[in-house]
>>> print(open('work_34.txt').read())   # compact mmCIF, C-alpha atoms
# COMPACT_ATOMS: atom_id res chain seq x y z
CA MET A 8 0.00 0.00 0.00
CA ARG A 9 2.82 2.40 0.95
CA LYS A 10 4.58 1.51 -2.27
CA LYS A 11 1.54 2.62 -4.28
CA GLU A 12 1.44 5.91 -2.39
CA ASN A 13 5.13 6.51 -3.10
CA ASP A 14 4.60 5.71 -6.77
CA GLY A 15 1.70 8.16 -6.89
CA LEU A 16 3.75 10.86 -5.20
CA GLN A 17 6.59 10.33 -7.63
CA ASN A 18 4.20 10.55 -10.54
CA TYR A 19 2.72 13.73 -9.09
CA ASN A 20 6.12 15.26 -8.56
CA GLY A 21 7.15 14.23 -12.07
CA GLY A 22 4.03 15.85 -13.52
CA ASN A 23 4.68 19.07 -11.64
CA ARG A 24 8.28 19.09 -12.78
CA ALA A 25 7.18 18.67 -16.41
CA LEU A 26 4.63 21.45 -16.00
CA ILE A 27 7.22 23.77 -14.46
CA ILE A 28 9.72 22.99 -17.18
CA GLY A 29 7.03 23.64 -19.81
CA CYS A 30 6.16 26.98 -18.22
CA ILE A 31 9.82 27.98 -18.04
CA CYS A 32 10.27 27.07 -21.70
CA SER A 33 7.17 29.06 -22.69
CA VAL A 34 8.31 32.13 -20.77
CA ALA A 35 11.78 31.82 -22.26
CA PHE A 36 10.29 31.53 -25.75
CA ILE A 37 8.11 34.60 -25.18
CA LEU A 38 11.09 36.55 -23.87
CA LEU A 39 13.11 35.47 -26.87
CA ILE A 40 10.39 36.67 -29.24
CA ALA A 41 10.09 39.96 -27.35
CA VAL A 42 13.85 40.56 -27.43
CA GLY A 43 13.98 39.60 -31.09
CA SER A 44 11.06 41.93 -31.91
CA MET A 45 12.69 44.80 -30.03
CA PHE A 46 15.94 44.20 -31.87
CA PHE A 47 14.11 44.03 -35.23
CA PHE A 48 12.13 47.20 -34.43
CA ARG A 49 15.30 49.01 -33.37
CA GLU A 50 17.06 48.01 -36.58
CA ASN A 51 14.12 49.19 -38.69
CA MET A 52 14.00 52.49 -36.86
CA MET A 53 17.70 53.03 -37.39
CA ARG A 54 17.38 52.14 -41.06
CA SER A 55 14.40 54.51 -41.48
CA ALA A 56 16.34 57.29 -39.78
CA GLU A 57 19.24 56.74 -42.17
CA LEU A 58 16.88 56.85 -45.15
CA LEU A 59 15.26 60.05 -43.90
CA GLU A 60 18.69 61.63 -43.55
CA ASP A 61 19.30 60.93 -47.25
CA VAL A 62 15.98 62.49 -48.39
CA ASP A 63 16.29 65.90 -50.03
CA TYR A 64 13.39 68.05 -48.87
CA GLU A 65 12.21 70.94 -51.01
CA SER A 66 11.52 74.12 -49.08
CA TYR A 67 9.22 76.83 -50.37
CA ASP A 68 8.82 80.50 -49.55
CA ALA A 69 5.09 80.62 -50.27
CA TYR A 70 2.04 78.37 -50.53
CA TYR A 71 -0.59 79.15 -53.20
CA VAL A 72 -3.79 77.24 -53.94
CA LEU A 73 -5.63 77.04 -57.28
CA ILE A 74 -9.43 76.72 -57.10
CA PRO A 75 -11.06 76.10 -60.52
CA SER A 76 -14.66 75.20 -61.38
CA ASP A 77 -13.68 71.70 -62.53
CA HIS A 78 -10.40 70.31 -61.20
CA ASP A 79 -10.79 67.12 -63.28
CA SER A 80 -10.92 68.82 -66.69
CA ALA A 81 -7.92 68.60 -69.00
CA PHE A 82 -7.98 72.39 -69.35
CA TRP A 83 -7.55 73.09 -65.65
CA GLN A 84 -5.08 70.26 -65.19
CA SER A 85 -2.93 71.91 -67.86
CA VAL A 86 -3.21 75.34 -66.17
CA TYR A 87 -2.29 73.75 -62.84
CA GLN A 88 0.78 71.98 -64.18
CA SER A 89 2.02 75.24 -65.68
CA ALA A 90 1.39 77.17 -62.45
CA LYS A 91 3.06 74.46 -60.40
CA GLU A 92 6.17 74.55 -62.58
CA ALA A 93 6.28 78.35 -62.51
CA GLY A 94 5.94 78.29 -58.72
CA ARG A 95 8.75 75.78 -58.36
CA GLU A 96 11.05 78.15 -60.24
CA THR A 97 10.20 81.10 -57.97
CA GLY A 98 10.04 79.25 -54.64
CA ALA A 99 6.26 78.90 -54.32
CA TYR A 100 4.37 75.65 -53.84
CA VAL A 101 1.12 75.55 -55.85
CA GLU A 102 -1.63 73.07 -55.02
CA MET A 103 -4.94 72.47 -56.78
CA LEU A 104 -7.32 72.55 -53.83
CA GLY A 105 -10.16 70.02 -54.02
CA SER A 106 -8.49 67.34 -56.13
CA ASN A 107 -8.18 63.79 -54.80
CA LEU A 108 -10.76 64.38 -52.07
CA SER A 109 -13.54 61.97 -51.17
CA VAL A 110 -15.97 64.89 -50.74
CA ASP A 111 -16.89 67.13 -53.67
CA TYR A 112 -16.68 70.64 -52.22
CA SER A 113 -18.03 73.71 -54.02
CA ARG A 114 -15.71 76.55 -55.02
CA GLU A 115 -17.10 78.67 -52.20
CA GLU A 116 -16.40 75.93 -49.66
CA LEU A 117 -12.86 75.44 -50.98
CA LEU A 118 -12.34 79.21 -50.84
CA GLN A 119 -13.43 79.17 -47.20
CA ILE A 120 -11.02 76.29 -46.46
CA ALA A 121 -8.15 78.19 -48.10
CA ILE A 122 -8.90 81.32 -46.06
CA MET A 123 -9.12 79.36 -42.79
CA SER A 124 -5.84 77.61 -43.64
CA GLY A 125 -4.07 80.96 -43.96
CA VAL A 126 -2.50 80.29 -47.36
CA ASP A 127 -0.16 82.86 -48.86
CA GLY A 128 -2.24 83.37 -52.00
CA ILE A 129 -5.38 82.14 -53.77
CA ILE A 130 -5.70 81.66 -57.54
CA LEU A 131 -9.42 81.44 -58.24
CA GLU A 132 -11.80 80.97 -61.15
CA ALA A 133 -14.25 83.51 -59.78
CA ASP A 134 -17.82 84.54 -60.52
CA GLU A 135 -20.26 87.23 -59.40
CA SER A 136 -22.18 85.20 -56.80
CA PRO A 137 -22.83 87.00 -53.47
CA ALA A 138 -21.26 84.11 -51.52
CA MET A 139 -18.02 84.31 -53.47
CA THR A 140 -17.90 88.10 -53.11
CA ALA A 141 -18.31 87.73 -49.34
CA TYR A 142 -15.43 85.25 -49.14
CA LEU A 143 -13.23 87.48 -51.29
CA LEU A 144 -13.87 90.30 -48.82
CA GLU A 145 -12.92 87.97 -45.97
CA ALA A 146 -9.69 87.01 -47.75
CA GLN A 147 -8.88 90.70 -48.22
CA GLU A 148 -9.51 91.42 -44.52
CA LYS A 149 -7.13 88.60 -43.57
CA GLY A 150 -4.42 89.85 -45.91
CA ILE A 151 -4.61 86.95 -48.38
CA PRO A 152 -4.17 88.18 -51.98
CA VAL A 153 -6.47 86.71 -54.63
CA VAL A 154 -5.72 86.46 -58.35
CA THR A 155 -8.73 85.54 -60.48
CA VAL A 156 -8.28 83.46 -63.62
CA LEU A 157 -10.60 82.99 -66.64
CA GLY A 158 -13.62 83.98 -64.51
CA ASP A 159 -13.57 87.35 -62.73
CA ASN A 160 -15.39 89.17 -59.94
CA SER A 161 -16.21 92.79 -60.76
CA GLN A 162 -16.21 94.02 -57.15
CA GLY A 163 -12.52 94.93 -57.47
CA ILE A 164 -11.49 92.86 -54.45
CA ARG A 165 -8.99 90.67 -56.28
CA LYS A 166 -5.47 91.91 -56.97
CA SER A 167 -5.25 90.88 -60.63
CA TYR A 168 -7.16 89.04 -63.34
CA VAL A 169 -5.54 86.55 -65.73
CA GLY A 170 -7.61 85.68 -68.78
CA VAL A 171 -8.71 86.53 -72.27
CA SER A 172 -10.73 89.44 -73.61
CA ASN A 173 -14.21 87.93 -73.66
CA TYR A 174 -15.40 90.43 -76.24
CA ASN A 175 -12.52 89.64 -78.61
CA LEU A 176 -13.06 85.93 -78.00
CA GLY A 177 -16.70 86.33 -78.99
CA ARG A 178 -15.74 88.18 -82.16
CA GLU A 179 -13.36 85.35 -83.08
CA TYR A 180 -16.19 82.84 -82.69
CA GLY A 181 -18.27 85.05 -84.95
CA ARG A 182 -15.53 85.21 -87.58
CA GLN A 183 -15.32 81.42 -87.54
CA VAL A 184 -19.04 81.23 -88.30
CA MET A 185 -18.52 83.43 -91.34
CA THR A 186 -15.82 81.12 -92.75
CA ILE A 187 -18.55 78.58 -93.53
CA LYS A 188 -19.16 79.10 -97.24
CA GLU A 189 -20.27 75.67 -98.42
CA LYS A 190 -23.78 76.07 -97.05
CA GLU A 191 -26.17 78.89 -96.19
CA VAL A 192 -26.02 79.58 -92.47
CA LYS A 193 -29.25 80.87 -91.00
CA ASP A 194 -29.28 79.69 -87.38
CA VAL A 195 -26.37 79.74 -84.91
CA LEU A 196 -26.81 78.25 -81.43
CA VAL A 197 -24.45 79.20 -78.60
CA LEU A 198 -24.22 76.74 -75.68
CA MET A 199 -23.90 78.69 -72.43
CA SER A 200 -23.34 77.25 -68.96
CA ALA A 201 -26.41 77.33 -66.72
CA ASP A 202 -24.19 77.23 -63.62
CA THR A 203 -22.01 80.31 -64.18
CA ALA A 204 -22.88 83.39 -62.16
CA ASP A 205 -20.83 85.96 -64.06
CA THR A 206 -21.12 88.19 -67.11
CA SER A 207 -18.29 86.69 -69.19
CA GLN A 208 -20.59 84.48 -71.26
CA ASN A 209 -22.89 87.41 -72.01
CA ILE A 210 -19.91 89.46 -73.23
CA ILE A 211 -18.78 86.57 -75.46
CA PHE A 212 -22.31 86.24 -76.82
CA SER A 213 -22.45 89.97 -77.62
CA GLY A 214 -19.12 89.70 -79.44
CA ILE A 215 -20.46 86.81 -81.54
CA GLN A 216 -23.61 88.73 -82.45
CA GLU A 217 -21.73 91.87 -83.44
CA ALA A 218 -19.13 90.05 -85.53
CA VAL A 219 -21.80 88.06 -87.40
CA ALA A 220 -23.94 91.18 -87.96
CA GLU A 221 -20.98 93.18 -89.30
CA GLU A 222 -19.88 90.44 -91.69
CA THR A 223 -23.36 89.77 -93.04
CA GLU A 224 -23.84 93.49 -93.71
CA LYS A 225 -20.40 93.80 -95.33
CA GLU A 226 -20.98 90.84 -97.63
CA ASN A 227 -24.66 91.69 -98.19
CA LEU A 228 -25.83 88.34 -96.85
CA GLY A 229 -29.18 87.39 -95.41
CA GLU A 230 -29.85 87.72 -91.72
CA ILE A 231 -28.28 85.08 -89.46
CA GLN A 232 -30.02 84.34 -86.19
CA VAL A 233 -27.67 83.98 -83.20
CA ARG A 234 -29.37 82.56 -80.13
CA ALA A 235 -28.23 81.08 -76.82
CA VAL A 236 -29.35 78.10 -74.76
CA ALA A 237 -28.38 77.19 -71.22
CA VAL A 238 -26.67 73.81 -70.73
CA GLU A 239 -26.25 72.04 -67.42
CA ASN A 240 -22.54 71.32 -67.07
CA GLN A 241 -21.94 70.31 -63.46
CA GLY A 242 -20.81 66.98 -64.87
CA ALA A 243 -20.38 65.12 -68.14
CA PHE A 244 -23.71 63.29 -67.75
CA ASP A 245 -25.70 66.52 -67.24
CA ALA A 246 -24.01 68.16 -70.23
CA GLU A 247 -24.60 65.14 -72.47
CA GLU A 248 -28.29 65.00 -71.57
CA SER A 249 -28.79 68.72 -72.22
CA ILE A 250 -27.05 68.56 -75.60
CA ARG A 251 -28.89 65.41 -76.69
CA LYS A 252 -32.22 67.14 -75.97
CA ILE A 253 -31.13 70.05 -78.17
CA LEU A 254 -30.29 67.70 -81.03
CA MET A 255 -33.72 66.06 -80.76
CA GLU A 256 -35.40 69.40 -81.42
CA THR A 257 -36.37 70.54 -84.91
CA PRO A 258 -35.27 72.38 -86.84
CA LEU A 259 -31.61 71.77 -86.10
CA PRO A 260 -29.22 74.74 -85.92
CA ASP A 261 -26.73 75.12 -88.74
CA VAL A 262 -23.88 75.89 -86.34
CA ILE A 263 -23.31 75.11 -82.65
CA ILE A 264 -20.76 77.19 -80.75
CA CYS A 265 -19.31 75.65 -77.57
CA LEU A 266 -17.67 77.90 -74.99
CA ASP A 267 -15.83 75.26 -72.98
CA GLU A 268 -14.07 71.91 -73.25
CA LEU A 269 -16.90 69.82 -71.77
CA SER A 270 -19.66 71.08 -74.08
CA THR A 271 -17.34 70.73 -77.09
CA SER A 272 -16.54 67.08 -76.33
CA CYS A 273 -20.17 66.23 -75.54
CA THR A 274 -21.53 67.94 -78.68
CA TYR A 275 -18.97 66.17 -80.85
CA GLN A 276 -19.89 62.79 -79.35
CA ALA A 277 -23.64 63.42 -79.68
CA VAL A 278 -23.35 64.47 -83.34
CA VAL A 279 -21.44 61.25 -84.07
CA ASP A 280 -23.87 59.08 -82.09
CA TYR A 281 -26.91 60.51 -83.85
CA ASN A 282 -25.30 60.34 -87.31
CA MET A 283 -25.49 64.11 -87.79
CA VAL A 284 -21.95 64.62 -89.04
CA GLY A 285 -22.10 67.14 -91.88
CA GLN A 286 -25.51 68.46 -90.84
CA ILE A 287 -24.21 70.64 -88.01
CA ASP A 288 -20.95 72.58 -87.93
CA ILE A 289 -19.34 72.66 -84.49
CA ILE A 290 -17.08 75.50 -83.37
CA GLY A 291 -15.44 74.40 -80.16
CA ASN A 292 -13.14 75.38 -77.35
CA TYR A 293 -9.82 73.96 -76.09
CA ASP A 294 -7.30 71.58 -77.64
CA SER A 295 -7.58 68.23 -75.85
CA GLU A 296 -6.58 65.24 -77.98
CA THR A 297 -10.24 64.24 -78.36
CA ILE A 298 -11.15 67.67 -79.74
CA LEU A 299 -8.08 67.82 -81.99
CA ARG A 300 -8.97 64.40 -83.44
CA ALA A 301 -12.49 65.69 -84.08
CA VAL A 302 -11.03 68.65 -85.98
CA GLU A 303 -8.76 66.31 -87.92
CA ARG A 304 -11.80 64.22 -88.94
CA ASN A 305 -13.66 67.42 -89.90
CA VAL A 306 -16.42 66.75 -87.37
CA VAL A 307 -15.48 69.87 -85.41
CA ARG A 308 -14.94 72.69 -87.90
CA SER A 309 -12.59 74.69 -85.68
CA THR A 310 -11.70 75.13 -82.03
CA ILE A 311 -10.33 78.11 -80.14
CA SER A 312 -7.52 77.20 -77.79
CA ILE A 313 -6.50 79.34 -74.81
CA ASP A 314 -2.79 79.16 -73.99
CA THR A 315 -2.99 77.25 -70.69
CA GLU A 316 0.78 77.29 -70.21
CA GLU A 317 0.80 81.07 -70.40
CA MET A 318 -2.24 81.27 -68.15
CA GLY A 319 -0.71 79.22 -65.33
CA LYS A 320 2.59 81.08 -65.56
CA TYR A 321 0.90 84.50 -65.42
CA CYS A 322 -1.12 83.50 -62.33
CA VAL A 323 2.05 82.79 -60.35
CA GLU A 324 3.81 85.86 -61.77
CA ALA A 325 0.93 88.10 -60.69
CA MET A 326 0.86 86.61 -57.20
CA ASP A 327 4.64 86.84 -56.75
CA GLU A 328 4.71 90.41 -58.01
CA TYR A 329 1.99 91.54 -55.61
CA ARG A 330 3.56 89.82 -52.60
CA THR A 331 6.96 91.33 -53.45
CA ASN A 332 5.97 94.88 -54.43
CA GLY A 333 2.54 95.39 -52.88
CA TYR A 334 1.01 96.13 -56.27
CA VAL A 335 0.51 94.39 -59.61
CA SER A 336 -1.06 94.98 -63.01
CA GLU A 337 -4.84 94.49 -62.86
CA TYR A 338 -4.99 92.44 -66.05
CA PHE A 339 -2.79 89.81 -67.71
CA SER A 340 -3.93 89.01 -71.25
CA VAL A 341 -3.57 85.37 -72.34
CA GLY A 342 -3.20 84.44 -76.00
CA THR A 343 -5.56 82.28 -78.04
CA ASN A 344 -5.13 80.13 -81.16
CA VAL A 345 -7.65 79.07 -83.78
CA ILE A 346 -7.18 75.41 -84.76
CA THR A 347 -8.65 74.16 -88.02
CA ILE A 348 -8.09 71.18 -90.29
CA GLN A 349 -5.35 73.19 -92.01
CA ASN A 350 -3.11 73.44 -88.90
CA VAL A 351 -4.36 70.71 -86.56
CA ARG A 352 -1.36 68.47 -87.31
CA ASP A 353 0.90 71.09 -85.76
CA TYR A 354 -0.91 70.46 -82.47
CA LEU A 355 -1.16 66.69 -82.86
CA GLY A 356 2.55 66.41 -83.64
CA GLY A 357 2.51 65.09 -87.21
CA ASP A 358 5.70 63.74 -88.85
CA GLU A 359 7.43 65.17 -91.89
CA ASN A 360 4.86 63.58 -94.21
CA GLY A 361 2.00 65.07 -92.24
CA GLN A 362 1.02 61.74 -90.70
CA THR A 363 -0.22 61.77 -87.13
CA PRO A 364 0.45 58.91 -84.77
>>> encode(input="work_34.txt", output="structure tokens")
Amino acid sequence: MRKKENDGLQNYNGGNRALIIGCICSVAFILLIAVGSMFFFRENMMRSAELLEDVDYESYDAYYVLIPSDHDSAFWQSVYQSAKEAGRETGAYVEMLGSNLSVDYSREELLQIAIMSGVDGIILEADESPAMTAYLLEAQEKGIPVVTVLGDNSQGIRKSYVGVSNYNLGREYGRQVMTIKEKEVKDVLVLMSADTADTSQNIIFSGIQEAVAEETEKENLGEIQVRAVAVENQGAFDAEESIRKILMETPLPDVIICLDELSTSCTYQAVVDYNMVGQIDIIGNYDSETILRAVERNVVRSTISIDTEEMGKYCVEAMDEYRTNGYVSEYFSVGTNVITIQNVRDYLGGDENGQTP
């Protein structure tokens, strides 16, 4: 009986010893992992510190933001790239505010964000809305200079305006209408944005009317009706729907004039989709590859291109000049080019034989 008790005690002691040894091994293993992790973390931190020491940081003297109506458009992307490059050369960092955000802020909201952030300068596609005027006044009170680009605010709050002469632009559109000789033009339709709260479109429209009226009188032609229609252009879908409705109406206009990149691309696509090529002449705006290809195929008769490189460069120049001297010219005039089938290859980059890629 005593022997069985001794055997049981030995077994119990042996079990405890095995348990203790197992616990010691587990603790040792955990400590080993912890020490190894600490060593690995320390090595990574040291390596990261070494890498950071090798990084060349760019420092800037000023921070400007660009706030356009459509930061996704090819036109504004081109203006931004030019402004960014010009800023890099003069020591200013230029950012397009509102791009790559999960929330789609309005221009007024982005303007408020820029003012609250205390940026050094704001480059803004402005309009005449009361809300924008109020924010421009706030920026002025806080000492933040504003340069308007393409769209202006007539309250005189901004420091400078970079853009084109809207009246001269309208007259150029009108002259392009009068180059159409192969058919009798009686009805010209101008697509105007329904979302723009400024007078620039009205000035362009007046220029078109005057140029057409002068040319018809000079050449003793019949009267040509020039009318306008508002197009929703908050997005590509809205613009496409508005333009498709216009093309479903009868009678069709002889000529459609588009005042921006979006309406030009959407009108071109709608005319192709509805098999109306040759029935309607399109006079467009901007020189994206899509529009240039349309000119090359003679679907778009001509397009008026604003020099976006010059525009972006002038925006930064105006801002730098004001911040340096305390004053700046009120107006920077940007050049325009008329692109037709005769010179479109110069913009597409044709080879010596005139072949485009």
>>> atom_distance(input="work_34.txt", atom1="CA of Gly242 in chain A", atom2="CA of Gln208 in chain A")
18.6 Å
>>> residues_around(input="work_34.txt", residues="Met283 in chain A", least_positions_apart="5", cutoff="12 Å", atoms="only C-alpha atoms", output="list in words")
Arg251, Leu254, Met255, Leu259, Pro260, Asp261, Val262, Thr274, Tyr275, Gln276, Ala277, Val278, Asp288, Ile289, Val306 and Val307 of chain A
>>> closest_residue(input="work_34.txt", among="A:Lys166, A:Arg300, A:Arg95, A:Lys149", to="Tyr338 in chain A", atoms="only C-alpha atoms")
A:Lys166
>>> residues_around(input="work_34.txt", residues="Asn305 in chain A", least_positions_apart="3", cutoff="10 Å", atoms="all atoms listed in the file", output="list in words")
Val284, Gly285, Asp288, Ile289, Leu299, Arg300, Ala301, Val302, Arg308, Ser309, Thr347 and Ile348 of chain A
>>> atom_distance(input="work_34.txt", atom1="CA of Ser106 in chain A", atom2="CA of Asp79 in chain A")
7.5 Å
>>> closest_residue(input="work_34.txt", among="A:Glu337, A:Glu296, A:Asp314, A:Glu328", to="Val171 in chain A", atoms="only C-alpha atoms")
A:Asp314
>>> atom_distance(input="work_34.txt", atom1="CA of Thr315 in chain A", atom2="CA of Phe339 in chain A")
12.9 Å
>>> closest_residue(input="work_34.txt", among="A:Tyr281, A:Tyr112, A:Glu102, A:Pro152", to="Arg330 in chain A", atoms="all atoms listed in the file")
A:Pro152
>>> residues_around(input="work_34.txt", residues="Ile298 in chain A", least_positions_apart="4", cutoff="9 Å", atoms="all atoms listed in the file", output="JSON list (two decimals) with C-alpha atoms, in the frame of the given file")
[["chain", "number", "residue", "atom", "x", "y", "z"],
["A", 268, "GLU", "CA", -14.07, 71.91, -73.25],
["A", 271, "THR", "CA", -17.34, 70.73, -77.09],
["A", 272, "SER", "CA", -16.54, 67.08, -76.33],
["A", 275, "TYR", "CA", -18.97, 66.17, -80.85],
["A", 291, "GLY", "CA", -15.44, 74.40, -80.16],
["A", 292, "ASN", "CA", -13.14, 75.38, -77.35],
["A", 293, "TYR", "CA", -9.82, 73.96, -76.09],
["A", 294, "ASP", "CA", -7.30, 71.58, -77.64],
["A", 302, "VAL", "CA", -11.03, 68.65, -85.98],
["A", 303, "GLU", "CA", -8.76, 66.31, -87.92],
["A", 307, "VAL", "CA", -15.48, 69.87, -85.41],
["A", 310, "THR", "CA", -11.70, 75.13, -82.03]]
